[in-house]
Amino acid sequence: MIVYVQTQGSRIVKEGRHLLVKKEGDTYNTLFVYKLEQLVLFGNVQLTPPALSMLFSENVDTVFLRKDGRYLGRLGLPEPKNIFLRLRQYERARDDEFRLRVARNIVSGKLANMATLLARLGRRKQGKETKKAGRDVRNLGLKAGEADSLDQLMGYEGAASGTYYHHLGMGLQSDWGFTKRVRRPPTDPVNSVLSLLYTFLTNRTYAAVRQAGLDPYPGALHSLDYGRHSLPLDLVEEFRTPVADALMLSLFNQGVIKEEDFRYHKPEVEEDKTEGNPEEAIERACNDPIGQVSMPEETEFFDLPEQKKAEAEERSCDGKMPVRLTPEALRRVVQAFEKKMASEFHHPVAERRLTYSETLVYQAGLYRRVVEGDAATYPPFVLK
């Protein structure tokens with residue numbers, strides 16, 4: 001069971017073998033910890049020490065997001081106990097031939113799903129340009145399957161993604177100002193919803209990787225980097241289109257979210273530090289940590305790519321303001337995402353019906369088999 005707690009100012013407290021979500025004396029929800037697979041907390045939600053201890057003891061993946069859904073962090077759960085599997089993962093992560101072989105399948109599957117969605121949109125709207133874009137993306141997917149290097153593979157993926165996102169907006173029944181993928185920060189409603197859904201999906205992929213007993217850091221497509229969970233970033237790629245992108249189109253086209261559900265946020269203007277006492281300004285300039293021989297540990301001036309704080313990304317390079325969902329609309333998106341993840345379909349490799357949630361775990365298990373040498377190739381999840 002996946003639980004989202006969005007009530008601002010609430011506290012999660014321990015009572016016996018349960019957790020209670022409370023605010024000002026009222027109980028909003030009772031959480032049965034033995035049923036919890038993941039707990040997702042938005043914004044100002046507090047955990048009492050006994051509740052925190054219970055989540056640790058039950059190994060519940062607990063994720064912290066900003067109120068608008070931006071990822072902040074998660075509780076550090078015990079590392080996978082199979083040290084031999086972890087060593088094998090790191091050996092594979094340094095094996096260029098293995099990485100290329102697996103990465104080709106991941107990217108090929110991702111581009112095949114992109115092409116399928118574009119083809120469906122082209123048939124629905126009878127758009128020749130969208131159909132052609134789907135064929136172009138599919139051809140790039142075929143080339144990706146024969147790439148000679150990871151750099152070449154990423155080139156095909158980048159070219160396909162540019163074409164795909166340029167035409168994805170054709171599936172929208174109204175003009176929402178979406179022309180391309182804008183991540184940090186999202187500057188139109190469509191990108192705002194995509195960023196939110198991608199965050200949810202990546203968190204679920206991380207949980208699936210841990211459930212399969214794998215270390216999330218070493219992957220194949222994404223190289224090793226400081227603080228980067230490369231494996232969830234790898235395995236989420238083939239699910240972005242069938243889960244997040246398709247759901248985004250449905251949310252807008254079916255009227256689940258509307259124009260009034262979005263807010264344009266203007267960041268606060270910093271005080272002009274050049275005004276006032278010149279001596280104080282000089283003192284601040286001399287004490288600027290950028291020029292010191294050694295920087296204090298608490299100074300957060302140089303941020304590594306995967307360590308940037310979400311609050312620092314308040315304006316796009318073209319000056320546009322970030323767009324965010326209202327709390328009520330956010331709840332509707334969460335509800336729709338969970339229903340999507342619970343929907344069933346026939347998985348061609350598993351040869352049985354699975355939900356998207358179960359498929360994430362199944363695909364992580366397939367990747368583990370390849371790492372351990374029990375399977376020669378990794379079969380990606382592909383739309384039919």
# chains A, B, ... in the order shown; residues from 1 in each chain; ligands from 1
call {"tool": "select_by_dssp", "arguments": {"residues": "stretch 22-201 of chain A", "states": "alpha helix (DSSP H)", "output": "NGL selection string"}}
result
:A and (49-57 or 83-93 or 96-125 or 128-144 or 150-168 or 189-201)
call {"tool": "closest_atom_pairs", "arguments": {"of": "stretch 214-265 of chain A", "to": "stretch 147-166 of chain A", "cutoff": "12 Å", "atoms": "only C-alpha atoms", "output": "CSV"}}
result
residue,atom,partner,partner_atom,distance
A:Ala220,CA,A:Leu150,CA,9.5
A:Leu221,CA,A:Leu150,CA,7.6
A:His222,CA,A:Leu150,CA,9.6
A:Ser223,CA,A:Leu150,CA,9.9
A:Glu237,CA,A:Glu157,CA,10.7
A:Glu238,CA,A:Glu157,CA,11.9
A:Arg240,CA,A:Ser161,CA,11.6
A:Thr241,CA,A:Tyr164,CA,10.1
A:Asp245,CA,A:Tyr165,CA,9.9
call {"tool": "residues_around", "arguments": {"residues": "A:Gln211", "least_positions_apart": "5", "cutoff": "10 Å", "atoms": "only C-alpha atoms", "output": "ChimeraX atom specification"}}
result
/A:37,80,205-206,360-362,364-365
call {"tool": "write_last_selection", "arguments": {"atoms": "N, CA and C atoms", "output": "PDB file, in the first residue's frame"}}
result
ATOM      1  N   GLU A  37       3.977  -0.061   1.903  1.00  0.00           N
ATOM      2  CA  GLU A  37       5.134  -0.244   1.034  1.00  0.00           C
ATOM      3  C   GLU A  37       5.925   1.051   0.925  1.00  0.00           C
ATOM      4  N   PRO A  80      21.004  -3.304   1.105  1.00  0.00           N
ATOM      5  CA  PRO A  80      20.752  -4.714   0.765  1.00  0.00           C
ATOM      6  C   PRO A  80      21.815  -5.618   1.383  1.00  0.00           C
ATOM      7  N   THR A 205       9.901   3.553  -8.763  1.00  0.00           N
ATOM      8  CA  THR A 205      10.936   2.713  -9.359  1.00  0.00           C
ATOM      9  C   THR A 205      12.057   2.461  -8.360  1.00  0.00           C
ATOM     10  N   TYR A 206      12.418   3.469  -7.598  1.00  0.00           N
ATOM     11  CA  TYR A 206      13.415   3.293  -6.545  1.00  0.00           C
ATOM     12  C   TYR A 206      12.966   2.209  -5.563  1.00  0.00           C
ATOM     13  N   LEU A 360       6.867  -2.761 -12.364  1.00  0.00           N
ATOM     14  CA  LEU A 360       8.119  -2.124 -11.956  1.00  0.00           C
ATOM     15  C   LEU A 360       8.996  -3.111 -11.195  1.00  0.00           C
ATOM     16  N   VAL A 361       8.388  -3.849 -10.265  1.00  0.00           N
ATOM     17  CA  VAL A 361       9.139  -4.838  -9.488  1.00  0.00           C
ATOM     18  C   VAL A 361       9.601  -5.982 -10.387  1.00  0.00           C
ATOM     19  N   TYR A 362       8.735  -6.389 -11.306  1.00  0.00           N
ATOM     20  CA  TYR A 362       9.082  -7.482 -12.214  1.00  0.00           C
ATOM     21  C   TYR A 362      10.266  -7.095 -13.097  1.00  0.00           C
ATOM     22  N   ALA A 364      12.568  -4.873 -12.449  1.00  0.00           N
ATOM     23  CA  ALA A 364      13.768  -4.827 -11.601  1.00  0.00           C
ATOM     24  C   ALA A 364      14.320  -6.230 -11.388  1.00  0.00           C
ATOM     25  N   GLY A 365      13.414  -7.209 -11.251  1.00  0.00           N
ATOM     26  CA  GLY A 365      13.852  -8.598 -11.112  1.00  0.00           C
ATOM     27  C   GLY A 365      14.515  -9.115 -12.383  1.00  0.00           C
TER      28      GLY A 365
END
call {"tool": "closest_residue", "arguments": {"among": "A:Met248, A:Val243, A:Val5, A:Ala342", "to": "A:Leu383", "atoms": "only C-alpha atoms"}}
result
A:Val243
call {"tool": "residues_around", "arguments": {"residues": "A:Val349", "least_positions_apart": "6", "cutoff": "10 Å", "atoms": "only C-alpha atoms", "output": "list in words"}}
result
Tyr362, Gln363, Leu366, Pro379, Pro380 and Phe381 of chain A
call {"tool": "atom_distance", "arguments": {"atom1": "atom CA of A:Thr62", "atom2": "atom CA of A:Leu77"}}
result
8.9 Å
call {"tool": "atom_distance", "arguments": {"atom1": "atom CA of A:Ala133", "atom2": "atom CA of A:Gln173"}}
result
18.6 Å
call {"tool": "residues_around", "arguments": {"residues": "A:Leu330", "least_positions_apart": "6", "cutoff": "10 Å", "atoms": "only C-alpha atoms", "output": "list of chain:residue names"}}
result
A:Gln6, A:Lys67, A:Asp68, A:Gly69, A:Val193, A:Leu196, A:Ile257, A:Asp261, A:Phe262, A:Arg324, A:Ala336
call {"tool": "closest_residue", "arguments": {"among": "A:Ser192, A:Ser10, A:Asn105, A:Thr116", "to": "A:Leu47", "atoms": "only C-alpha atoms"}}
result
A:Ser10
call {"tool": "atom_distance", "arguments": {"atom1": "atom CA of A:Ala208", "atom2": "atom CA of A:Arg74"}}
result
14.7 Å
call {"tool": "residues_around", "arguments": {"residues": "A:Ala93", "least_positions_apart": "2", "cutoff": "9 Å", "atoms": "only C-alpha atoms", "output": "list in words"}}
result
Arg88, Gln89, Tyr90, Glu91, Asp95, Asp96, Phe98, Arg99, Pro218, Gly219, Ala220, Ser223 and Leu224 of chain A
